[in-house]
$ cat structure00.cif   # mmCIF, C-alpha atoms
data_data
loop_
_atom_site.label_atom_id
_atom_site.label_comp_id
_atom_site.auth_asym_id
_atom_site.auth_seq_id
_atom_site.Cartn_x
_atom_site.Cartn_y
_atom_site.Cartn_z
CA MET A 1390 214.39 107.59 -91.34
CA ILE A 1391 214.98 104.04 -92.53
CA ASN A 1392 212.62 103.02 -95.33
CA THR A 1393 214.74 100.48 -97.23
CA ILE A 1394 215.95 96.99 -96.27
CA LEU A 1395 218.92 95.49 -98.15
CA PHE A 1396 218.88 91.72 -97.61
CA ASP A 1397 221.84 89.46 -98.32
CA LEU A 1398 220.80 86.01 -99.56
CA ASP A 1399 223.34 83.21 -98.97
CA GLY A 1400 223.76 82.46 -95.27
CA THR A 1401 221.23 85.17 -94.38
CA LEU A 1402 217.75 84.66 -95.85
CA LEU A 1403 218.97 81.35 -97.27
CA GLN A 1404 220.46 79.52 -94.32
CA PHE A 1405 223.33 77.11 -95.00
CA ALA A 1406 227.02 76.60 -94.36
CA GLN A 1407 228.89 78.26 -97.22
CA GLN A 1408 231.50 75.53 -97.80
CA GLU A 1409 228.86 72.81 -97.94
CA PHE A 1410 226.97 74.82 -100.55
CA ILE A 1411 230.10 75.46 -102.64
CA ASP A 1412 231.07 71.77 -102.60
CA THR A 1413 227.60 70.68 -103.79
CA TYR A 1414 227.39 73.47 -106.36
CA PHE A 1415 230.73 72.69 -107.98
CA ALA A 1416 230.07 68.95 -108.00
CA GLU A 1417 226.93 69.62 -110.07
CA LEU A 1418 228.54 72.31 -112.25
CA THR A 1419 231.42 69.97 -113.15
CA LYS A 1420 228.87 67.65 -114.81
CA VAL A 1421 227.88 70.46 -117.21
CA PHE A 1422 231.44 70.81 -118.51
CA VAL A 1423 231.80 67.03 -118.78
CA ARG A 1424 228.61 66.91 -120.89
CA LEU A 1425 230.06 69.64 -123.13
CA GLU A 1426 233.18 67.47 -123.52
CA MET A 1427 235.38 70.18 -122.06
CA ASP A 1428 238.25 69.90 -119.59
CA ALA A 1429 236.15 70.12 -116.40
CA LYS A 1430 239.12 70.91 -114.14
CA LEU A 1431 240.21 73.78 -116.39
CA CYS A 1432 236.64 75.06 -116.61
CA ILE A 1433 236.25 75.14 -112.81
CA GLU A 1434 239.55 77.04 -112.61
CA ALA A 1435 238.10 79.43 -115.20
CA VAL A 1436 234.96 79.90 -113.09
CA TRP A 1437 237.14 80.91 -110.14
CA ALA A 1438 239.15 83.24 -112.41
CA GLY A 1439 235.90 84.80 -113.59
CA THR A 1440 234.69 85.18 -110.02
CA LYS A 1441 237.90 86.94 -109.04
CA ALA A 1442 237.54 89.28 -112.04
CA MET A 1443 234.04 90.22 -110.88
CA VAL A 1444 235.14 90.82 -107.28
CA LEU A 1445 237.86 93.15 -108.59
CA ASN A 1446 235.50 94.94 -110.99
CA ASP A 1447 235.90 98.72 -110.90
CA GLY A 1448 232.54 99.83 -112.27
CA THR A 1449 233.66 100.24 -115.88
CA MET A 1450 232.08 97.01 -117.15
CA LEU A 1451 229.21 94.73 -116.15
CA ASN A 1452 230.14 91.74 -114.00
CA ILE A 1453 228.80 89.37 -116.67
CA GLU A 1454 231.36 90.77 -119.12
CA ARG A 1455 234.18 90.52 -116.58
CA PHE A 1456 233.26 86.91 -115.86
CA TRP A 1457 233.01 85.62 -119.42
CA ASN A 1458 236.09 87.57 -120.56
CA ALA A 1459 238.15 85.90 -117.84
CA PHE A 1460 236.54 82.49 -118.47
CA SER A 1461 237.16 82.79 -122.21
CA LYS A 1462 240.81 83.71 -121.69
CA ARG A 1463 241.44 80.80 -119.30
CA VAL A 1464 239.69 78.13 -121.39
CA GLY A 1465 240.70 79.51 -124.79
CA ILE A 1466 237.27 79.68 -126.43
CA GLU A 1467 235.21 82.57 -127.80
CA GLY A 1468 232.31 83.43 -130.11
CA GLU A 1469 229.67 80.72 -130.61
CA LYS A 1470 231.50 78.19 -128.44
CA LEU A 1471 231.50 80.61 -125.52
CA LYS A 1472 227.81 81.43 -126.08
CA ASN A 1473 227.00 77.71 -125.97
CA VAL A 1474 228.77 77.36 -122.61
CA GLU A 1475 226.89 80.37 -121.23
CA ALA A 1476 223.55 78.92 -122.43
CA ALA A 1477 224.41 75.53 -120.87
CA CYS A 1478 225.25 77.24 -117.57
CA ASP A 1479 221.99 79.21 -117.57
CA LYS A 1480 220.08 75.97 -118.18
CA PHE A 1481 222.01 74.35 -115.32
CA TYR A 1482 221.10 77.15 -112.90
CA SER A 1483 217.41 76.65 -113.65
CA ASN A 1484 217.62 72.87 -113.23
CA GLU A 1485 220.42 70.74 -111.70
CA PHE A 1486 221.62 73.63 -109.53
CA ASN A 1487 218.54 73.02 -107.40
CA ALA A 1488 220.27 69.90 -106.01
CA ALA A 1489 222.19 72.33 -103.77
CA LYS A 1490 218.91 73.03 -101.94
CA ALA A 1491 219.71 69.86 -99.97
CA VAL A 1492 222.31 71.73 -97.88
CA MET A 1493 219.78 74.36 -96.80
CA VAL A 1494 218.41 74.51 -93.27
CA PRO A 1495 214.68 75.18 -93.80
CA ASN A 1496 213.13 78.23 -92.14
CA ASP A 1497 209.78 79.95 -92.42
CA ILE A 1498 211.09 83.33 -91.30
CA SER A 1499 212.67 84.64 -94.52
CA LYS A 1500 209.55 84.59 -96.66
CA ARG A 1501 207.39 86.02 -93.88
CA LEU A 1502 209.91 88.75 -93.06
CA VAL A 1503 210.45 89.93 -96.64
CA ARG A 1504 206.73 90.09 -97.34
CA THR A 1505 205.90 91.71 -94.00
CA MET A 1506 208.42 94.51 -94.54
CA ALA A 1507 207.10 95.12 -98.06
CA SER A 1508 203.52 95.23 -96.71
CA LYS A 1509 204.64 97.81 -94.11
CA GLY A 1510 205.74 100.08 -96.96
CA TYR A 1511 209.50 99.45 -96.97
CA THR A 1512 211.55 99.21 -100.15
CA VAL A 1513 212.91 95.66 -100.08
CA VAL A 1514 216.11 94.88 -102.01
CA LEU A 1515 217.88 91.56 -102.48
CA ALA A 1516 221.47 92.74 -102.09
CA THR A 1517 223.10 89.41 -102.89
CA ASN A 1518 226.70 89.53 -104.12
CA PRO A 1519 226.22 89.79 -107.92
CA LEU A 1520 228.37 86.81 -108.91
CA PHE A 1521 225.55 84.76 -110.47
CA PRO A 1522 223.11 85.17 -113.37
CA GLU A 1523 219.55 86.18 -112.55
CA CYS A 1524 218.25 82.63 -113.16
CA ALA A 1525 220.57 81.34 -110.40
CA VAL A 1526 219.25 83.95 -107.97
CA GLU A 1527 215.68 83.05 -108.95
CA SER A 1528 216.35 79.35 -108.28
CA ARG A 1529 217.84 80.06 -104.84
CA LEU A 1530 214.92 82.32 -103.90
CA GLY A 1531 212.60 79.47 -104.84
CA TRP A 1532 214.18 77.33 -102.11
CA ILE A 1533 212.62 79.68 -99.53
CA ASP A 1534 209.37 80.22 -101.49
CA LEU A 1535 210.24 83.75 -102.56
CA GLU A 1536 210.18 85.25 -106.06
CA ILE A 1537 212.01 88.00 -107.90
CA GLN A 1538 208.75 90.00 -107.75
CA ASP A 1539 209.03 90.13 -103.94
CA PHE A 1540 211.85 92.67 -104.28
CA GLN A 1541 212.11 96.12 -105.85
CA LEU A 1542 215.63 95.25 -106.96
CA ILE A 1543 217.70 92.09 -107.16
CA THR A 1544 221.41 92.32 -107.91
CA HIS A 1545 222.94 89.78 -110.28
CA TYR A 1546 225.94 89.67 -112.59
CA ALA A 1547 224.14 91.20 -115.57
CA ASN A 1548 222.97 94.38 -113.80
CA SER A 1549 225.96 95.18 -111.56
CA THR A 1550 229.43 96.63 -112.12
CA PHE A 1551 230.84 96.06 -108.62
CA CYS A 1552 230.81 93.30 -105.99
CA LYS A 1553 230.88 93.25 -102.22
CA PRO A 1554 232.80 94.44 -100.27
CA ASN A 1555 233.51 97.33 -102.68
CA PRO A 1556 231.61 100.42 -101.42
CA GLY A 1557 230.73 101.04 -105.07
CA TYR A 1558 228.40 98.03 -104.91
CA PHE A 1559 226.29 99.57 -102.14
CA MET A 1560 226.31 102.98 -103.84
CA GLU A 1561 225.16 101.37 -107.09
CA VAL A 1562 222.29 99.62 -105.28
CA MET A 1563 221.19 102.78 -103.48
CA ASN A 1564 221.33 104.83 -106.68
CA LYS A 1565 219.11 102.31 -108.47
CA VAL A 1566 216.40 102.55 -105.82
CA ASP A 1567 216.97 106.29 -105.33
CA LYS A 1568 217.87 106.11 -101.65
CA GLU A 1569 220.41 107.78 -99.36
CA PRO A 1570 222.57 105.72 -96.98
CA GLN A 1571 220.71 106.96 -93.90
CA GLN A 1572 217.46 105.54 -95.36
CA CYS A 1573 218.88 102.00 -95.56
CA ILE A 1574 219.72 99.05 -93.35
CA MET A 1575 221.99 96.28 -94.69
CA VAL A 1576 221.23 92.82 -93.33
CA GLY A 1577 223.85 90.10 -93.86
CA ASN A 1578 225.91 87.30 -92.33
CA SER A 1579 229.39 88.55 -93.25
CA PRO A 1580 231.18 91.28 -91.26
CA ALA A 1581 233.62 91.77 -94.15
CA GLU A 1582 231.21 91.75 -97.09
CA ASP A 1583 227.95 93.08 -95.66
CA MET A 1584 228.69 95.15 -92.57
CA CYS A 1585 231.19 97.30 -94.50
CA ALA A 1586 228.11 99.16 -95.81
CA GLY A 1587 228.22 100.87 -92.43
CA THR A 1588 231.23 102.91 -93.56
CA LEU A 1589 228.87 104.71 -95.97
CA GLY A 1590 226.40 105.59 -93.23
CA VAL A 1591 224.10 102.62 -93.84
CA GLU A 1592 222.68 101.01 -90.70
CA THR A 1593 223.60 97.32 -90.39
CA PHE A 1594 222.41 94.08 -88.77
CA LEU A 1595 224.66 91.01 -88.63
CA VAL A 1596 222.74 87.72 -88.82
CA THR A 1597 224.67 85.22 -86.74
CA ASP A 1598 223.06 81.80 -87.47
CA PHE A 1599 225.50 81.08 -90.32
CA MET A 1600 227.94 83.93 -89.87
CA GLU A 1601 231.03 83.98 -92.10
CA ASN A 1602 233.91 85.71 -90.35
CA GLU A 1603 237.03 83.98 -91.68
CA THR A 1604 239.16 87.06 -91.07
CA GLY A 1605 238.12 87.21 -87.41
CA GLU A 1606 236.84 90.79 -87.48
CA ASP A 1607 235.76 92.35 -84.21
CA ILE A 1608 231.96 92.22 -84.24
CA SER A 1609 231.37 93.34 -80.66
CA MET A 1610 230.14 96.79 -81.71
CA LEU A 1611 227.77 95.54 -84.39
CA ARG A 1612 224.01 95.20 -84.02
CA GLN A 1613 223.58 91.45 -84.35
CA GLY A 1614 221.37 88.45 -83.68
CA THR A 1615 219.76 85.36 -85.13
CA LEU A 1616 217.33 85.44 -88.04
CA ALA A 1617 214.51 85.21 -85.49
CA GLN A 1618 215.92 88.21 -83.61
CA LEU A 1619 216.27 90.10 -86.89
CA GLU A 1620 212.59 89.47 -87.59
CA ALA A 1621 211.64 90.85 -84.17
CA TYR A 1622 213.85 93.92 -84.74
CA LEU A 1623 212.64 94.76 -88.24
CA THR A 1624 208.95 94.05 -87.70
CA SER A 1625 209.00 96.40 -84.69
CA MET A 1626 209.87 99.24 -87.07
CA PRO A 1627 206.97 101.60 -87.86
CA ASP A 1628 204.47 101.02 -90.65
CA ILE A 1629 205.34 103.62 -93.31
CA ARG A 1630 202.62 103.00 -95.88
CA HIS A 1631 201.14 106.24 -97.13
#

$ encode --input "structure00.cif" --output "structure tokens"
Amino acid sequence: MINTILFDLDGTLLQFAQQEFIDTYFAELTKVFVRLEMDAKLCIEAVWAGTKAMVLNDGTMLNIERFWNAFSKRVGIEGEKLKNVEAACDKFYSNEFNAAKAVMVPNDISKRLVRTMASKGYTVVLATNPLFPECAVESRLGWIDLEIQDFQLITHYANSTFCKPNPGYFMEVMNKVDKEPQQCIMVGNSPAEDMCAGTLGVETFLVTDFMENETGEDISMLRQGTLAQLEAYLTSMPDIRH
């Protein structure tokens, strides 16, 4: 029986067009490197290199270590200098990063749905791709009036050793909340990154409002619908409070 909901964040609970978000995010992040008197273009390249290193992570190291190792190598800094950049980025995610909220399409469903499912006794997990620090996830949740405390687990780059679509990511999440695949449903907007959880025996629901399907995967066999339809589907599930 399903008793655990794994929610993706970007494009799912947080509704926006991915490219618009990325453009706004990097425009703001560039300012951080300019303030630090660093080569902003090189630093953005290093961010992408770090992101790639995290996506390719094999479970032997935390994503945060993969990211900063790759960033350090590309920019050619280490030690205190690197720590200063990390601190500046964390500060950015708690402040200027919130400018990216402007690209969001407001909805009142996400907050209501997450809290309703928790009140019905379900384990609620924020299964967002762990490419960001926790403070960045916290900021984005704030855009839809949710908090870290609304979830039993939130994945971020300092507590994860895999990324989507690696099956290891989903196994890591389920192990942390002590669940089996057949007890979980993965909700997301990407056939490639989220629906692949189905290969492990996890039930899935594809949210179509801001679906990302660049590779053109066949989605005809997937359970799918808008965020409003997801709410109707999940809230019809039985109350399992004991």

$ residues_near_point --input "structure00.cif" --point "(226.2, 85.6, -88.9)" --cutoff "10 Å" --atoms "all atoms listed in the file" --output "PDB file with C-alpha atoms, in the coordinates of the input"
ATOM      1  CA  GLY A1400     223.760  82.460 -95.270  1.00  0.00           C
ATOM      2  CA  THR A1401     221.230  85.170 -94.380  1.00  0.00           C
ATOM      3  CA  GLN A1404     220.460  79.520 -94.320  1.00  0.00           C
ATOM      4  CA  VAL A1576     221.230  92.820 -93.330  1.00  0.00           C
ATOM      5  CA  GLY A1577     223.850  90.100 -93.860  1.00  0.00           C
ATOM      6  CA  ASN A1578     225.910  87.300 -92.330  1.00  0.00           C
ATOM      7  CA  SER A1579     229.390  88.550 -93.250  1.00  0.00           C
ATOM      8  CA  PRO A1580     231.180  91.280 -91.260  1.00  0.00           C
ATOM      9  CA  PHE A1594     222.410  94.080 -88.770  1.00  0.00           C
ATOM     10  CA  LEU A1595     224.660  91.010 -88.630  1.00  0.00           C
ATOM     11  CA  VAL A1596     222.740  87.720 -88.820  1.00  0.00           C
ATOM     12  CA  THR A1597     224.670  85.220 -86.740  1.00  0.00           C
ATOM     13  CA  ASP A1598     223.060  81.800 -87.470  1.00  0.00           C
ATOM     14  CA  PHE A1599     225.500  81.080 -90.320  1.00  0.00           C
ATOM     15  CA  MET A1600     227.940  83.930 -89.870  1.00  0.00           C
ATOM     16  CA  GLU A1601     231.030  83.980 -92.100  1.00  0.00           C
ATOM     17  CA  ASN A1602     233.910  85.710 -90.350  1.00  0.00           C
ATOM     18  CA  ILE A1608     231.960  92.220 -84.240  1.00  0.00           C
ATOM     19  CA  GLN A1613     223.580  91.450 -84.350  1.00  0.00           C
ATOM     20  CA  GLY A1614     221.370  88.450 -83.680  1.00  0.00           C
ATOM     21  CA  THR A1615     219.760  85.360 -85.130  1.00  0.00           C
ATOM     22  CA  LEU A1616     217.330  85.440 -88.040  1.00  0.00           C
TER      23      LEU A1616
END

$ atom_distance --input "structure00.cif" --atom1 "atom CA of Ile1394 of chain A" --atom2 "atom CA of Leu1589 of chain A"
15.1 Å

$ resolve_selection --input "structure00.cif" --expression "the PyMOL selection byres ((chain A and resi 1523) around 8)" --output "CSV table (one decimal) with C-alpha atoms, in the coordinates of the input"
chain,number,residue,atom,x,y,z
A,1521,PHE,CA,225.6,84.8,-110.5
A,1522,PRO,CA,223.1,85.2,-113.4
A,1524,CYS,CA,218.2,82.6,-113.2
A,1525,ALA,CA,220.6,81.3,-110.4
A,1526,VAL,CA,219.2,84.0,-108.0
A,1527,GLU,CA,215.7,83.0,-109.0
A,1544,THR,CA,221.4,92.3,-107.9
A,1545,HIS,CA,222.9,89.8,-110.3
A,1546,TYR,CA,225.9,89.7,-112.6
A,1547,ALA,CA,224.1,91.2,-115.6

$ closest_residue --input "structure00.cif" --among "A:Ile1391, A:Gln1541, A:Arg1424, A:Lys1480" --to "Asp1628 of chain A" --atoms "only C-alpha atoms"
A:Ile1391

$ resolve_selection --input "structure00.cif" --expression "the PyMOL selection byres ((chain A and resi 1397) around 7)" --output "ChimeraX atom specification"
/A:1395-1396,1398-1399,1401-1402,1515-1517,1576-1577

$ closest_residue --input "structure00.cif" --among "A:Ala1459, A:Ile1453, A:Ala1442, A:Ala1476" --to "Val1421 of chain A" --atoms "only C-alpha atoms"
A:Ala1476

$ closest_residue --input "structure00.cif" --among "A:Met1390, A:Val1514, A:Ala1438, A:Leu1445" --to "Asn1555 of chain A" --atoms "only C-alpha atoms"
A:Leu1445

$ closest_residue --input "structure00.cif" --among "A:Phe1551, A:Phe1540, A:Phe1481, A:Phe1559" --to "Asn1452 of chain A" --atoms "all atoms listed in the file"
A:Phe1551

$ closest_residue --input "structure00.cif" --among "A:Ala1416, A:Val1513, A:Leu1520, A:Ala1621" --to "Met1575 of chain A" --atoms "all atoms listed in the file"
A:Val1513

$ residues_around --input "structure00.cif" --residues "Glu1561 of chain A" --least-positions-apart "3" --cutoff "12 Å" --atoms "only C-alpha atoms" --output "short mmCIF file (atom, residue, chain, number, x, y, z; two decimals) with C-alpha atoms, keeping the file's coordinate frame"
data_model
loop_
_atom_site.label_atom_id
_atom_site.label_comp_id
_atom_site.auth_asym_id
_atom_site.auth_seq_id
_atom_site.Cartn_x
_atom_site.Cartn_y
_atom_site.Cartn_z
CA ASP A 1447 235.90 98.72 -110.90
CA GLY A 1448 232.54 99.83 -112.27
CA LEU A 1451 229.21 94.73 -116.15
CA ALA A 1516 221.47 92.74 -102.09
CA PRO A 1519 226.22 89.79 -107.92
CA LEU A 1542 215.63 95.25 -106.96
CA ILE A 1543 217.70 92.09 -107.16
CA THR A 1544 221.41 92.32 -107.91
CA ASN A 1548 222.97 94.38 -113.80
CA SER A 1549 225.96 95.18 -111.56
CA THR A 1550 229.43 96.63 -112.12
CA PHE A 1551 230.84 96.06 -108.62
CA CYS A 1552 230.81 93.30 -105.99
CA LYS A 1553 230.88 93.25 -102.22
CA ASN A 1555 233.51 97.33 -102.68
CA PRO A 1556 231.61 100.42 -101.42
CA GLY A 1557 230.73 101.04 -105.07
CA TYR A 1558 228.40 98.03 -104.91
CA ASN A 1564 221.33 104.83 -106.68
CA LYS A 1565 219.11 102.31 -108.47
CA VAL A 1566 216.40 102.55 -105.82
CA ASP A 1567 216.97 106.29 -105.33
CA LYS A 1568 217.87 106.11 -101.65
CA GLU A 1569 220.41 107.78 -99.36
CA PRO A 1570 222.57 105.72 -96.98
CA ALA A 1586 228.11 99.16 -95.81
#

$ residues_around --input "structure00.cif" --residues "segment 1425-1432 of chain A" --least-positions-apart "6" --cutoff "8 Å" --atoms "only C-alpha atoms" --output "VMD selection string"
chain A and resid 1419 1460 1463 to 1464 1474

$ closest_residue --input "structure00.cif" --among "A:Glu1469, A:Lys1441, A:Met1450, A:Phe1486" --to "Leu1418 of chain A" --atoms "all atoms listed in the file"
A:Phe1486

$ atom_distance --input "structure00.cif" --atom1 "atom CA of Ile1466 of chain A" --atom2 "atom CA of Val1444 of chain A"
22.3 Å
